[in-house]
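run-v3.csv (CSV, C-alpha atoms) appears below.
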```csv
chain,number,residue,atom,x,y,z
A,634,MET,CA,0.0,0.0,0.0
A,635,ILE,CA,2.9,2.4,0.8
A,636,CYS,CA,4.7,1.7,-2.4
A,637,CYS,CA,1.6,2.0,-4.4
A,638,TYR,CA,0.9,5.4,-2.8
A,639,THR,CA,4.4,6.7,-3.4
A,640,GLY,CA,4.0,5.6,-7.0
A,641,VAL,CA,0.9,7.9,-7.2
A,642,LEU,CA,3.0,10.7,-5.6
A,643,LEU,CA,5.5,10.3,-8.4
A,644,GLN,CA,2.7,10.8,-11.0
A,645,ARG,CA,1.6,13.9,-9.2
A,646,CYS,CA,5.1,15.3,-9.3
A,647,MET,CA,5.3,14.6,-13.0
A,648,ALA,CA,2.0,16.4,-13.6
A,649,ALA,CA,3.3,19.5,-11.8
A,650,SER,CA,5.5,20.4,-14.8
A,651,PRO,CA,5.5,19.4,-18.5
A,652,SER,CA,9.3,19.3,-18.4
A,653,VAL,CA,9.3,16.2,-16.2
A,654,ARG,CA,10.1,13.2,-18.3
A,655,GLY,CA,11.8,10.8,-15.9
A,656,TYR,CA,12.8,10.2,-12.3
A,657,PRO,CA,15.8,12.5,-12.4
A,658,ASP,CA,13.6,15.4,-13.6
A,659,ILE,CA,11.5,15.0,-10.5
A,660,GLY,CA,14.6,15.4,-8.3
A,661,ALA,CA,15.5,18.5,-10.4
A,662,LEU,CA,12.1,20.0,-10.1
A,663,ALA,CA,12.2,19.6,-6.3
A,664,PHE,CA,15.9,20.4,-5.5
A,665,GLY,CA,17.5,21.7,-8.7
A,666,ALA,CA,20.8,20.2,-10.0
A,667,LYS,CA,21.6,18.5,-6.7
A,668,GLY,CA,18.3,16.8,-6.6
A,669,ARG,CA,18.8,15.6,-10.2
A,670,PHE,CA,22.2,14.2,-9.3
A,671,VAL,CA,20.9,12.4,-6.1
A,672,ALA,CA,17.9,10.9,-7.8
A,673,SER,CA,19.9,9.8,-10.8
A,674,ALA,CA,22.6,8.2,-8.6
A,675,PHE,CA,20.1,6.1,-6.7
A,676,LEU,CA,17.9,5.3,-9.8
A,677,TYR,CA,20.7,4.1,-12.1
A,678,ALA,CA,22.6,2.3,-9.4
A,679,GLU,CA,19.5,0.3,-8.4
A,680,LEU,CA,18.5,-0.6,-11.9
A,681,TYR,CA,22.1,-1.6,-12.8
A,682,LEU,CA,22.4,-3.8,-9.8
A,683,VAL,CA,19.0,-5.5,-10.4
A,684,ALA,CA,20.1,-6.2,-14.0
A,685,ILE,CA,23.3,-7.9,-12.7
A,686,GLY,CA,21.2,-9.8,-10.2
A,687,PHE,CA,19.1,-11.2,-13.0
A,688,LEU,CA,22.2,-12.6,-14.8
A,689,ILE,CA,23.4,-14.2,-11.5
A,690,LEU,CA,20.0,-15.7,-11.0
A,691,GLU,CA,19.9,-17.2,-14.5
A,692,GLY,CA,23.5,-18.5,-14.2
A,693,ASP,CA,22.8,-20.2,-10.8
A,694,ASN,CA,19.6,-21.9,-11.9
A,695,LEU,CA,20.8,-23.1,-15.3
A,696,ASP,CA,23.9,-24.5,-13.7
A,697,LYS,CA,21.7,-26.5,-11.3
A,698,LEU,CA,19.6,-27.7,-14.2
A,699,PHE,CA,22.5,-28.6,-16.4
A,700,PRO,CA,25.5,-29.4,-14.1
A,701,GLY,CA,28.8,-30.1,-15.7
A,702,THR,CA,28.0,-28.2,-19.0
A,703,SER,CA,31.1,-26.7,-20.6
A,704,LEU,CA,32.1,-25.1,-23.9
A,705,ARG,CA,35.5,-24.8,-25.5
A,706,VAL,CA,36.2,-21.9,-27.9
A,707,GLY,CA,39.7,-22.1,-29.3
A,708,GLY,CA,42.0,-22.6,-26.4
A,709,LEU,CA,39.5,-21.2,-23.8
A,710,ALA,CA,37.2,-23.5,-21.9
A,711,VAL,CA,34.1,-22.0,-20.2
A,712,SER,CA,31.9,-24.0,-18.0
A,713,GLY,CA,29.2,-23.9,-15.3
A,714,LYS,CA,27.7,-20.7,-14.1
A,715,GLN,CA,30.1,-18.5,-16.1
A,716,LEU,CA,29.1,-20.2,-19.3
A,717,PHE,CA,25.4,-19.7,-18.7
A,718,VAL,CA,25.7,-16.1,-17.6
A,719,VAL,CA,27.4,-15.4,-21.0
A,720,LEU,CA,24.9,-17.4,-23.0
A,721,VAL,CA,21.9,-15.7,-21.2
A,722,ALA,CA,23.5,-12.2,-21.9
A,723,VAL,CA,23.8,-13.1,-25.6
A,724,VAL,CA,20.1,-14.1,-25.8
A,725,ILE,CA,18.9,-11.0,-23.8
A,726,LEU,CA,21.0,-8.5,-25.8
A,727,PRO,CA,18.6,-8.0,-28.8
A,728,THR,CA,15.8,-7.1,-26.4
A,729,THR,CA,17.8,-4.2,-25.0
A,730,TRP,CA,18.0,-2.7,-28.5
A,731,LEU,CA,14.2,-2.1,-28.5
A,732,ARG,CA,13.6,1.6,-27.8
A,733,ASN,CA,9.8,1.5,-28.0
A,734,LEU,CA,8.6,0.4,-24.6
A,735,ALA,CA,5.2,-0.3,-26.1
A,736,VAL,CA,6.9,-3.2,-28.1
A,737,LEU,CA,8.9,-4.2,-25.0
A,738,ALA,CA,5.6,-4.5,-23.1
A,739,TYR,CA,4.9,-7.7,-25.1
A,740,VAL,CA,8.2,-9.1,-23.9
A,741,SER,CA,7.4,-8.1,-20.3
A,742,ALA,CA,4.0,-9.8,-20.6
A,743,SER,CA,5.7,-13.1,-20.9
A,744,GLY,CA,7.2,-12.5,-17.4
A,745,VAL,CA,3.7,-11.8,-16.0
A,746,LEU,CA,2.4,-15.1,-17.5
A,747,ALA,CA,5.5,-16.9,-16.2
A,748,SER,CA,4.8,-15.7,-12.6
A,749,VAL,CA,1.2,-17.1,-12.7
A,750,VAL,CA,2.4,-20.4,-14.3
A,751,VAL,CA,4.9,-20.9,-11.5
A,752,VAL,CA,2.3,-20.5,-8.8
A,753,PHE,CA,0.0,-23.1,-10.5
A,754,CYS,CA,2.9,-25.5,-10.9
A,755,VAL,CA,3.7,-25.3,-7.1
A,756,LEU,CA,0.0,-25.8,-6.4
A,757,TRP,CA,0.0,-28.8,-8.7
A,758,ALA,CA,3.0,-30.3,-6.9
A,759,ALA,CA,1.2,-30.0,-3.6
A,760,VAL,CA,-2.2,-31.3,-4.7
A,761,VAL,CA,-1.5,-33.8,-7.4
A,762,ASP,CA,2.2,-34.8,-7.0
A,763,GLY,CA,1.7,-35.7,-3.3
A,764,VAL,CA,3.7,-33.0,-1.5
A,765,GLY,CA,0.7,-32.0,0.4
A,766,PHE,CA,0.3,-29.2,3.0
A,767,GLN,CA,2.2,-30.7,6.0
A,768,GLY,CA,4.8,-28.0,6.5
A,769,LYS,CA,5.4,-26.9,10.0
A,770,GLY,CA,7.1,-23.8,11.4
A,771,ARG,CA,6.8,-20.7,13.5
A,772,MET,CA,4.1,-18.4,12.4
A,773,LEU,CA,6.1,-15.4,13.5
A,774,ASN,CA,9.9,-15.2,13.3
A,775,VAL,CA,10.9,-11.7,14.6
A,776,SER,CA,14.6,-12.2,13.8
A,777,GLY,CA,13.8,-12.6,10.1
A,778,LEU,CA,11.8,-9.3,10.0
A,779,PRO,CA,14.6,-7.1,8.7
A,780,THR,CA,15.2,-9.4,5.8
A,781,ALA,CA,11.5,-9.8,5.1
A,782,LEU,CA,10.9,-6.1,5.1
A,783,GLY,CA,13.7,-5.6,2.6
A,784,LEU,CA,12.3,-8.4,0.4
A,785,TYR,CA,8.8,-6.9,0.5
A,786,THR,CA,10.2,-3.5,-0.5
A,787,PHE,CA,12.2,-5.0,-3.3
A,788,CYS,CA,9.1,-6.8,-4.6
A,789,TYR,CA,7.4,-3.4,-5.2
A,790,CYS,CA,10.4,-1.3,-6.1
A,791,GLY,CA,9.5,-0.5,-9.7
A,792,HIS,CA,9.4,3.3,-9.0
A,793,ALA,CA,12.6,3.9,-10.9
A,794,ILE,CA,10.9,3.1,-14.2
A,795,PHE,CA,7.4,4.4,-13.4
A,796,PRO,CA,8.0,7.9,-15.0
A,797,THR,CA,9.4,6.2,-18.1
A,798,LEU,CA,6.4,3.9,-18.3
A,799,CYS,CA,3.9,6.6,-17.7
A,800,ASN,CA,5.3,8.7,-20.5
A,801,SER,CA,5.2,5.7,-22.8
A,802,MET,CA,1.4,5.2,-22.3
A,803,LYS,CA,-1.0,6.4,-24.9
A,804,GLN,CA,-3.4,7.6,-22.1
A,805,ASN,CA,-1.0,8.4,-19.2
A,806,ASP,CA,-3.8,10.0,-17.2
A,807,LYS,CA,-4.9,6.4,-16.4
A,808,PHE,CA,-1.5,5.6,-14.9
A,809,SER,CA,-2.7,5.7,-11.3
A,810,LYS,CA,-5.5,3.2,-12.1
A,811,VAL,CA,-3.1,0.9,-13.9
A,812,LEU,CA,-0.7,1.2,-10.9
A,813,VAL,CA,-3.4,0.1,-8.4
A,814,ILE,CA,-4.4,-2.9,-10.6
A,815,CYS,CA,-0.8,-4.0,-11.0
A,816,PHE,CA,0.0,-3.7,-7.3
A,817,VAL,CA,-3.1,-5.8,-6.4
A,818,ALA,CA,-2.3,-8.4,-9.0
A,819,CYS,CA,1.3,-8.6,-7.8
A,820,THR,CA,0.2,-8.9,-4.2
A,821,VAL,CA,-2.2,-11.8,-5.1
A,822,ASN,CA,0.6,-13.5,-7.0
A,823,TYR,CA,3.3,-13.0,-4.2
A,824,GLY,CA,0.9,-13.9,-1.4
A,825,SER,CA,-0.2,-17.1,-3.2
A,826,MET,CA,3.4,-18.3,-3.5
A,827,ALA,CA,4.3,-17.3,0.0
A,828,ILE,CA,1.3,-19.1,1.5
A,829,LEU,CA,1.7,-22.2,-0.6
A,830,GLY,CA,5.4,-22.4,0.2
A,831,TYR,CA,4.8,-22.1,3.9
A,832,LEU,CA,2.0,-24.6,4.0
A,833,MET,CA,4.0,-27.1,2.0
A,834,TYR,CA,7.4,-26.9,3.6
A,835,GLY,CA,7.1,-24.7,6.7
A,836,ASP,CA,10.5,-23.5,8.0
A,837,ASP,CA,12.3,-25.8,5.6
A,838,VAL,CA,11.2,-23.7,2.6
A,839,LYS,CA,14.2,-22.4,0.6
A,840,SER,CA,14.7,-19.0,-0.8
A,841,GLN,CA,13.3,-20.2,-4.1
A,842,VAL,CA,10.4,-22.6,-3.4
A,843,THR,CA,11.1,-24.3,-6.7
A,844,LEU,CA,14.3,-25.7,-5.2
A,845,ASN,CA,12.1,-27.6,-2.7
A,846,LEU,CA,10.0,-29.3,-5.3
A,847,PRO,CA,10.4,-33.1,-5.9
A,848,GLU,CA,12.8,-34.0,-8.7
A,849,GLY,CA,11.6,-35.7,-11.8
A,850,LYS,CA,8.1,-34.4,-11.7
A,851,ILE,CA,6.8,-32.5,-14.7
A,852,SER,CA,5.4,-29.7,-12.5
A,853,SER,CA,8.8,-29.2,-10.9
A,854,LYS,CA,10.6,-29.0,-14.2
A,855,LEU,CA,8.0,-26.6,-15.6
A,856,ALA,CA,8.2,-24.4,-12.6
A,857,ILE,CA,12.0,-24.1,-12.7
A,858,TYR,CA,12.1,-23.5,-16.5
A,859,THR,CA,9.3,-20.9,-16.2
A,860,THR,CA,11.2,-19.1,-13.4
A,861,LEU,CA,14.0,-18.5,-15.8
A,862,VAL,CA,11.6,-16.5,-18.1
A,863,ASN,CA,11.3,-13.6,-15.7
A,864,PRO,CA,14.8,-12.2,-16.0
A,865,PHE,CA,14.7,-12.5,-19.8
A,866,SER,CA,11.5,-10.5,-19.8
A,867,LYS,CA,12.6,-7.8,-17.3
A,868,TYR,CA,16.3,-7.2,-18.0
A,869,ALA,CA,15.7,-4.8,-20.9
A,870,LEU,CA,13.2,-2.8,-18.8
A,871,MET,CA,15.8,-2.4,-16.1
A,872,VAL,CA,18.6,-1.1,-18.3
A,873,THR,CA,16.5,1.1,-20.6
A,874,PRO,CA,16.5,4.2,-18.3
A,875,VAL,CA,20.2,3.8,-17.7
A,876,SER,CA,21.0,3.5,-21.4
A,877,THR,CA,18.6,6.3,-22.4
A,878,ALA,CA,20.4,8.7,-20.0
A,879,ILE,CA,23.8,7.9,-21.6
A,880,GLU,CA,22.4,8.1,-25.1
A,881,GLU,CA,21.0,11.5,-24.5
A,882,ARG,CA,24.4,12.8,-23.4
A,883,LEU,CA,26.1,11.3,-26.5
A,884,LEU,CA,23.4,12.5,-28.9
A,885,ALA,CA,23.9,16.0,-27.6
A,886,ALA,CA,27.4,15.7,-28.9
A,887,GLY,CA,26.2,15.1,-32.4
A,888,ASN,CA,26.4,11.3,-32.7
A,889,LYS,CA,24.2,9.2,-34.9
A,890,ARG,CA,21.1,7.9,-33.0
A,891,ARG,CA,20.9,4.3,-34.1
A,892,SER,CA,24.6,3.5,-33.8
A,893,VAL,CA,24.7,5.1,-30.3
A,894,ASN,CA,21.6,3.1,-29.3
A,895,VAL,CA,23.1,-0.2,-30.2
A,896,LEU,CA,26.6,0.5,-28.9
A,897,VAL,CA,25.6,1.9,-25.5
A,898,ARG,CA,23.1,-0.9,-24.8
A,899,THR,CA,25.6,-3.6,-25.9
A,900,LEU,CA,28.3,-2.1,-23.7
A,901,ILE,CA,25.9,-2.0,-20.7
A,902,VAL,CA,25.1,-5.7,-21.2
A,903,VAL,CA,28.8,-6.6,-21.5
A,904,SER,CA,29.6,-4.6,-18.3
A,905,THR,CA,26.9,-6.4,-16.3
A,906,VAL,CA,28.3,-9.7,-17.5
A,907,VAL,CA,31.8,-8.8,-16.3
A,908,VAL,CA,30.6,-7.6,-12.9
A,909,ALA,CA,28.4,-10.7,-12.5
A,910,LEU,CA,31.4,-13.0,-13.2
A,911,THR,CA,34.1,-11.2,-11.3
A,912,VAL,CA,32.9,-9.4,-8.1
A,913,PRO,CA,33.3,-11.6,-5.0
A,914,PHE,CA,30.4,-11.9,-2.6
A,915,PHE,CA,28.3,-10.0,-5.1
A,916,GLY,CA,25.0,-11.6,-3.9
A,917,HIS,CA,25.4,-10.2,-0.4
A,918,LEU,CA,26.8,-6.9,-1.7
A,919,MET,CA,23.7,-6.5,-3.9
A,920,ALA,CA,21.4,-7.3,-1.0
A,921,LEU,CA,23.2,-4.6,1.0
A,922,VAL,CA,23.1,-1.9,-1.7
A,923,GLY,CA,19.8,-3.1,-3.0
A,924,SER,CA,18.0,-2.8,0.3
A,925,LEU,CA,19.2,0.8,0.8
A,926,LEU,CA,18.6,1.9,-2.9
A,927,SER,CA,15.2,0.3,-3.2
A,928,VAL,CA,13.9,1.9,-0.1
A,929,VAL,CA,15.3,5.3,-1.1
A,930,ALA,CA,14.0,5.2,-4.6
A,931,SER,CA,10.6,3.6,-3.8
A,932,MET,CA,9.7,5.2,-0.4
A,933,LEU,CA,11.9,8.1,0.7
A,934,LEU,CA,12.6,10.1,-2.5
A,935,PRO,CA,9.0,10.2,-3.7
A,936,CYS,CA,7.8,11.5,-0.4
A,937,ILE,CA,10.6,14.1,0.0
A,938,CYS,CA,10.3,15.4,-3.5
A,939,TYR,CA,6.5,15.6,-3.3
A,940,LEU,CA,6.6,17.6,-0.1
A,941,LYS,CA,9.2,20.0,-1.6
A,942,ILE,CA,7.3,20.5,-4.9
A,943,PHE,CA,3.8,21.1,-3.4
A,944,GLY,CA,4.7,22.4,0.1
A,945,LEU,CA,3.3,21.6,3.4
A,946,THR,CA,0.3,24.0,3.1
A,947,ARG,CA,-1.0,22.4,-0.2
A,948,CYS,CA,-0.5,18.9,1.1
A,949,GLY,CA,-2.6,19.3,4.1
A,950,ARG,CA,-2.1,18.1,7.7
A,951,ALA,CA,-3.4,14.6,7.2
A,952,GLU,CA,-1.4,13.9,4.1
A,953,THR,CA,1.8,15.4,5.6
A,954,SER,CA,1.4,13.2,8.6
A,955,LEU,CA,1.0,10.1,6.4
A,956,ILE,CA,4.1,11.0,4.3
A,957,ALA,CA,6.1,11.7,7.5
A,958,ALA,CA,5.2,8.3,8.8
A,959,ILE,CA,6.3,6.7,5.5
A,960,ILE,CA,9.6,8.4,5.7
A,961,VAL,CA,10.2,7.2,9.3
A,962,LEU,CA,9.2,3.6,8.3
A,963,GLY,CA,11.4,3.7,5.2
A,964,SER,CA,14.3,4.9,7.2
A,965,LEU,CA,13.9,2.0,9.6
A,966,VAL,CA,13.6,-0.6,6.8
A,967,ALA,CA,16.7,0.8,5.2
A,968,ALA,CA,18.7,0.8,8.4
A,969,THR,CA,17.7,-2.7,9.5
A,970,GLY,CA,18.1,-4.2,6.0
A,971,THR,CA,21.6,-2.6,5.7
A,972,TYR,CA,22.6,-4.0,9.1
A,973,SER,CA,21.3,-7.5,8.2
A,974,SER,CA,23.1,-7.5,4.9
A,975,LEU,CA,26.4,-6.3,6.4
A,976,LYS,CA,26.2,-9.0,9.0
A,977,LYS,CA,25.9,-11.7,6.3
A,978,ILE,CA,28.8,-10.2,4.4
A,979,VAL,CA,31.0,-10.3,7.6
A,980,HIS,CA,29.9,-13.9,8.2
A,981,GLU,CA,30.9,-14.9,4.7
A,982,LEU,CA,34.3,-13.3,5.1
```

Once you've parsed the file, please lay out its structure as structure tokens.
Amino acid sequence: MICCYTGVLLQRCMAASPSVRGYPDIGALAFGAKGRFVASAFLYAELYLVAIGFLILEGDNLDKLFPGTSLRVGGLAVSGKQLFVVLVAVVILPTTWLRNLAVLAYVSASGVLASVVVVFCVLWAAVVDGVGFQGKGRMLNVSGLPTALGLYTFCYCGHAIFPTLCNSMKQNDKFSKVLVICFVACTVNYGSMAILGYLMYGDDVKSQVTLNLPEGKISSKLAIYTTLVNPFSKYALMVTPVSTAIEERLLAAGNKRRSVNVLVRTLIVVSTVVVALTVPFFGHLMALVGSLLSVVASMLLPCICYLKIFGLTRCGRAETSLIAAIIVLGSLVAATGTYSSLKKIVHEL
């Protein structure tokens, strides 16, 4: 509810000036050049890290599905996770060249369908394949609350691309209605998976419930394969705002549009592959940075910019109090999530 509300706040900030085309413009409208810089830094860092996370997710899952896979090119042998990260990047690359988000929407729709299919596969495993609903565990685990809050925020942290999506709509005045429908649909999807996973496996449920499913069953294989579709469908959406910002700078210098488009987006994909393959403890590092960046971009910045643009008098006492409460909650989530992630990194070291 909070993230949906802050998404509506972003739309109101966009409506305040026709010059606002993206998230950094909202920061500039509120706080000038410094606001643009801060908003851009959090926005692009979050999107870039999420894109890298998609590659890591694909590499890990494909390596588990096809262990021992290797490929020799000349005198260089590539195997396991590294091989799959590179192959996935090659497949994803053409989708990043699409500049029209209306076309990209059809690619993203496959990710929505995949999410629904995975839930039904897990339900099938429980009801038909004999897993049942015998899982046992604690209903409330307070020690896991910081991680849970960070995950909840990450699930609804699409704010970085909301302005870009809004501007791409033919009827962008209906953005708030679309936003509410999407948040409700996501909540039903997330909630269904969470409840099924808990009822089936209790405290033994893994970070990806598909890893708990019985081996050899069709429902298990379909669920795992379908899980792999999501990063394919969302990667391009994540890197589009980043690449667009770079392209606008280069085009201002007189470069050709199409060549700049392909070159910039290709280099971004290559850089995400390099980072995904080389940075140690990247999973925990991404959790650390992601928790902080997601909360700032999805909860704190929308509220702060909205108050600055419209002022306390125009917002009213009730709305100001609500926004203040969101800022306090967001700060607590960021602090606890950062501490939890740092603790995991230290433990790994």

>> So, with all atoms listed in the file as the atoms that count, which of A:Ser964, A:Ser924, A:Gln715, A:Thr873 lies closest to Thr780 of chain A?
In response: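 With all atoms listed in the file as the atom set, the closest residue is A:Ser924.
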
>> Can you pull out the residues contacting segment 791-798 of chain A? Cut-off 10 Å, using only C-alpha atoms, and skip same-chain residues under 5 positions away; I want them as number ranges by chain.
In response: A: 636-637, 639-641, 643-644, 646-647, 653-659, 672-673, 675-677, 679-680, 734-735, 738, 786, 805, 808, 812, 870-875, 927, 930-932, 934-935

> Looking at all atoms listed in the file, which of A:Leu690, A:Leu846, A:Val902, A:Leu832 is the one that sits closest to Met772 of chain A?
Replying inline: A:Leu832

> Residues at most 8 Å from Asn894 of chain A, counting only C-alpha atoms, excluding those fewer than 3 positions away in the same chain, as a PyMOL selection string?
Replying inline: chain A and resi 730+876+880+890-891+897-898

> Hey, can you check how far atom CA of Ala663 of chain A sits from atom CA of Thr969 of chain A?
Replying inline: 27.9 Å

> Between A:Leu709, A:Ser853, A:Arg882, A:Gln841, which is the closest to Val761 of chain A once you count only C-alpha atoms?
Replying inline: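 Going through A:Leu709, A:Ser853, A:Arg882, A:Gln841 one by one, the smallest distance to Val761 of chain A is for A:Ser853.
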
>> One decimal, in Å: what's the spacing between atom CA of Ile901 of chain A and atom CA of Gly692 of chain A?
In response: 17.9 Å

> For Gly963 of chain A, which of A:Thr859, A:Ile635, A:Leu883, A:His980 is the closest residue, counting only C-alpha atoms?
Replying inline: A:Ile635

> What would the list of residues within 10 Å of (20.0, -9.1, 10.1) (file frame) look like as a list in words, if only C-alpha atoms are what count?
Replying inline: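 In the file's frame, the residues around the point are Ser776, Gly777, Leu778, Pro779, Thr780, Ala781, Thr969, Gly970, Thr971, Tyr972, Ser973, Ser974, Leu975, Lys976 and Lys977 of chain A.
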
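The residue that comes closest to Leu921 of chain A, out of A:Gly783, A:Ala649, A:Ser840, A:Cys788 and on the basis of all atoms listed in the file, is A:Gly783.
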